[in-house]
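As structure tokens, the structure follows; a few thoughts come after it.
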Amino acid sequence: MPLDALPETRFAPARGARIAYQVFGGGEHTVVAVPPTAQNIDLSWEHPAVRAMLERFASFSRYLHFDKRGTGCSDRNGRIADLDERVDDLRAVMDDAGIEHAHLFGNSEGGPMTLLFAATYPERVDSLILFGTGATLLPPDITAAELAEQRIGAVAYAAKWGTEVSPVATGMAPTLSAQDPTFPAWHQRYERYAASQDSLVELLELSFTADVRELAPTIRHPVLVIHRTEDRVIPVARARELVALLPNARLLEQPGEDHFSYSGDVDGWMDEFERFVTGTVSSAPVTAGRRPTVRITTLGRFAVTVDGQEVTTSQWGSRRARQLCKRLVAARGWPVTRDELFDLLWPEETDRTRLGARLSVQLSGVRRVLQGGVIADRQSVRLDLKEVDTDLEALYRASDDAAVVAAYPGVFLPDDVYEAWTVGARAEAQARFVPSARREAERLLDRGQLAAVVQLAHRLRDIDGYDEEAHRLLITALDRAGAATEAERARDAYRSSMAELAVGDDGDQAAG
């Protein structure tokens with residue numbers, strides 16, 4: 001179905017960058033395309049073969065495609081985003097377009113990102129269609145020497161990118177290059193508008209380390225995997241490995257050697273695509289959804305609630321995901337370096353070359369529980385306090401002593417008291433509570449609310465058994481309540497504590 005006019009290019013705000021996207025078509029079903037290494041959504045329409053494919057999508061779906069951060073029409077003045085960051089960029093694009101859920105179409109290098117998004121935000125995915133990709137793009141058993149060769153080759157490949165000797169078109173779309181002699185020259189110009197040479201090196205490096213095999217078995221959505229049997233770039237073995245990992249996947253092997261989806265037999269795989277989306281998957285009307293309320297409790301115990309429902313231990317998927325979440329809460333929105341997280345989660349691991357992918361798995365688990373709530377880049381990870389509320393932040397927001405006391409039910413992460421990274425947050429929270437608790441206890445004492453004073457004094461002594469003010473408050477409240485036996489026990493406890501500090505006070509002064 002030819003389009004009367006080219007779609008408008010819109011920009012989704014995504015934490016320090018604008019992500020360019022277009023939406024077109026008007027079908028009942030929504031398809032969101034996750035891009036390959038680099039593209040340009042504006043220039044894509046220039047070539048008849050690409051345009052024909054896009055118009056075919058528009059004939060049966062509402063179709064969205066976008067340029068990754070640092071590529072194409074998206075902001076290109078910053079660094080290239082890693083896989084974890086791209087997942088939230090995709091979420092930002094869907095949010096900006098008002099798309100609550102969709103069928104995701106992951107192409108080439110976009111495959112691992114698509115799988116990671118589905119594992120992280122399963123409620124936003126209807127199904128997956130993956131073309132010419134895998135859970136990892138390099139052989140799982142690749143050696144260090146072979147990986148080094150790949151990196152050398154990537155630098156040489158990037159040096160030709162966008163030049164008249166660029167091999168991209170003829171290597172990835174041999175059929176179209178043979179049919180249309182103008183295509184290679186057009187694509188060389190297209191490359192210059194898709195990514196810079198330096199950016200391409202970074203993009204290729206990130207593709208080498210992308211590995212979501214561990215997450216694939218958790219993806220329960222229907223998946224259609226399409227791969228050409230003689231693909232020159234990503235062997236069909238990657239697709240077969242992927243299908244073996246996915247619990248609900250079907251593999252369509254198509255003859256041909258083209259890696260680009262719009263080259264070669266396009267109608268063959270698009271017929272299957274359309275049948276998969278419109279014939280076997282039912283899609284609800286697209287509406288803008290409300291973000292759930294997510295709260296993390298760390299004072300007195302650790303728990304996460306989503307819209308008031310507590311997340312169970314099994315929903316976390318792993319102990320490491322819970323530990324990662326705790327560490328991010330302790331940092332209070334400040335970035336935690338990936339190296340520190342490697343040390344925390346895999347302290348015995350000496351080979352760090354694969355830890356980036358393993359961390360992505362754990363981040364996916366945290367994001368899935370928190371419905372987002374995490375900001376990750378290539379250097380560090382932090383909690384997004386705009387999306388997630390924590391009791392620790394509520395403690396610091398409390399505006400008076402009574403509110404501070406109410407906001408502090410217990411020590412920070414009591415099950416992790418021996419973890420060095422909890423010490424600072426625990427001490428700061430206690431330092432916030434103690435003076436407020438003392439002042440509030442004095443007010444309660446003046447108002448004659450003696451039971452409340454006793455309770456607060458006990459809490460203060462639990463924090464510091466040598467807190468003279470806490471002992472004084474407890475003894476005074478018990479005396480005024482006429483609880484002579486309890487008051488004498490409190491005096492004995494005070495004398496014992498002070499004796500340990502070599503303070504020769506008999507407790508009478510404390511009693512007033």
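Quick note on naming: the chains in the structure tokens go A, B, ... in the order shown, residues restart at 1 in each chain, and ligands are numbered from 1 in order of appearance.
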Secondary structure check, alpha helix (DSSP H) residues of stretch 353-486 of chain A, as a ChimeraX atom specification: /A:355-370,391-397,401-407,420-446,450-463,468-480,484-486
Sort by chain and increasing residue number a table of all residues of stretch 220-326 of chain A within 10 Å of stretch 404-420 of chain A, each with its closest pair of atoms and their distance in Å to one decimal, counting only C-alpha atoms, and write it as CSV.
residue,atom,partner,partner_atom,distance
A:Thr297,CA,A:Leu413,CA,8.8
A:Thr298,CA,A:Leu413,CA,5.2
A:Leu299,CA,A:Phe412,CA,4.4
A:Gly300,CA,A:Gly410,CA,3.9
A:Arg301,CA,A:Leu413,CA,5.8
A:Phe302,CA,A:Leu413,CA,6.2
A:Ala303,CA,A:Leu413,CA,9.9
A:Gln323,CA,A:Asp416,CA,9.4
A:Lys326,CA,A:Leu413,CA,8.1
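Comparing the minimum interatomic distances between A:Leu460 and each of A:Phe105, A:Phe433, A:Tyr121, A:Tyr21, counting only C-alpha atoms, we find that A:Phe433 sits nearest.
Closest approach to A:Phe117 from the set A:Leu83, A:Leu64, A:Ala17, A:Val336 is made by A:Leu83, with distances taken over only C-alpha atoms.
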Atom CA of A:Thr71 to atom CA of A:Arg352, straight-line distance in Å: 28.2 Å
For stretch 194-275 of chain A versus stretch 357-367 of chain A, which residues have an atom no more than 12 Å away, and what is each residue's nearest atom pair and distance in Å rounded to one decimal, using only C-alpha atoms, chain-then-number order, as a tab-separated table?
residue	atom	partner	partner_atom	distance
A:Leu206	CA	A:Ala357	CA	10.2
A:Ser207	CA	A:Ala357	CA	10.9
A:Phe208	CA	A:Ala357	CA	10.4
A:Thr209	CA	A:Ala357	CA	6.8
A:Ala210	CA	A:Ala357	CA	6.2
A:Asp211	CA	A:Ala357	CA	5.4
A:Val212	CA	A:Ala357	CA	6.8
A:Arg213	CA	A:Val361	CA	9.1
A:Glu214	CA	A:Val361	CA	7.0
A:Leu215	CA	A:Val361	CA	6.4
A:Ala216	CA	A:Val361	CA	10.0
A:Pro217	CA	A:Val361	CA	11.9
A:Thr218	CA	A:Gly365	CA	10.4
A:Ile219	CA	A:Ser364	CA	11.9
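The environment of A:Arg51 within 12 Å, counting only C-alpha atoms and disregarding residues fewer than 3 places along the same chain, consists of Met1, Pro2, Leu3, Ala5, Leu6, Pro7, Ile41, Asp42, Leu43, Ser44, Trp45, Glu46, His47, Pro48, Leu54, Glu55, Arg56, Phe57, Ala58, Tyr262 and Ser263 of chain A.
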I need the residues from that last selection saved to file as a tab-separated table (two decimals), in the first residue's frame (with N, CA and C atoms), if you can.
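New file selection.tsv:
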chain	number	residue	atom	x	y	z
A	1	MET	N	0.84	-1.19	0.00
A	1	MET	CA	0.00	0.00	0.00
A	1	MET	C	0.88	1.24	0.00
A	2	PRO	N	1.01	1.93	-1.14
A	2	PRO	CA	1.86	3.12	-1.18
A	2	PRO	C	1.35	4.20	-0.24
A	3	LEU	N	2.27	4.87	0.44
A	3	LEU	CA	1.91	5.96	1.33
A	3	LEU	C	1.79	7.25	0.54
A	5	ALA	N	2.24	10.24	1.74
A	5	ALA	CA	3.30	11.17	2.16
A	5	ALA	C	4.23	10.46	3.12
A	6	LEU	N	5.46	10.93	3.19
A	6	LEU	CA	6.41	10.33	4.12
A	6	LEU	C	6.02	10.67	5.55
A	7	PRO	N	6.24	9.76	6.48
A	7	PRO	CA	5.86	10.03	7.87
A	7	PRO	C	6.73	11.11	8.50
A	41	ILE	N	16.40	6.67	9.41
A	41	ILE	CA	14.99	6.48	9.05
A	41	ILE	C	14.52	7.46	7.99
A	42	ASP	N	15.13	8.64	7.90
A	42	ASP	CA	14.75	9.59	6.86
A	42	ASP	C	15.18	9.11	5.47
A	43	LEU	N	16.47	8.72	5.37
A	43	LEU	CA	17.00	8.32	4.06
A	43	LEU	C	16.50	6.96	3.61
A	44	SER	N	16.04	6.14	4.55
A	44	SER	CA	15.58	4.80	4.18
A	44	SER	C	14.53	4.83	3.09
A	45	TRP	N	13.71	5.86	3.09
A	45	TRP	CA	12.60	5.94	2.14
A	45	TRP	C	13.07	6.21	0.71
A	46	GLU	N	14.31	6.63	0.56
A	46	GLU	CA	14.80	7.00	-0.78
A	46	GLU	C	14.89	5.81	-1.73
A	47	HIS	N	15.31	4.67	-1.19
A	47	HIS	CA	15.52	3.55	-2.11
A	47	HIS	C	14.23	2.75	-2.29
A	48	PRO	N	13.88	2.43	-3.52
A	48	PRO	CA	12.62	1.74	-3.80
A	48	PRO	C	12.46	0.41	-3.06
A	54	LEU	N	8.80	-1.16	3.71
A	54	LEU	CA	8.13	-0.36	4.73
A	54	LEU	C	6.65	-0.19	4.42
A	55	GLU	N	6.33	0.01	3.14
A	55	GLU	CA	4.93	0.17	2.77
A	55	GLU	C	4.16	-1.14	2.93
A	56	ARG	N	4.85	-2.27	2.75
A	56	ARG	CA	4.20	-3.56	3.00
A	56	ARG	C	3.86	-3.68	4.49
A	57	PHE	N	4.77	-3.26	5.37
A	57	PHE	CA	4.47	-3.25	6.81
A	57	PHE	C	3.25	-2.38	7.10
A	58	ALA	N	3.20	-1.20	6.46
A	58	ALA	CA	2.10	-0.26	6.70
A	58	ALA	C	0.76	-0.82	6.25
A	262	TYR	N	15.60	-6.46	3.20
A	262	TYR	CA	14.90	-5.98	2.00
A	262	TYR	C	15.57	-6.42	0.71
A	263	SER	N	16.55	-7.29	0.78
A	263	SER	CA	17.22	-7.82	-0.40
A	263	SER	C	16.92	-9.31	-0.53
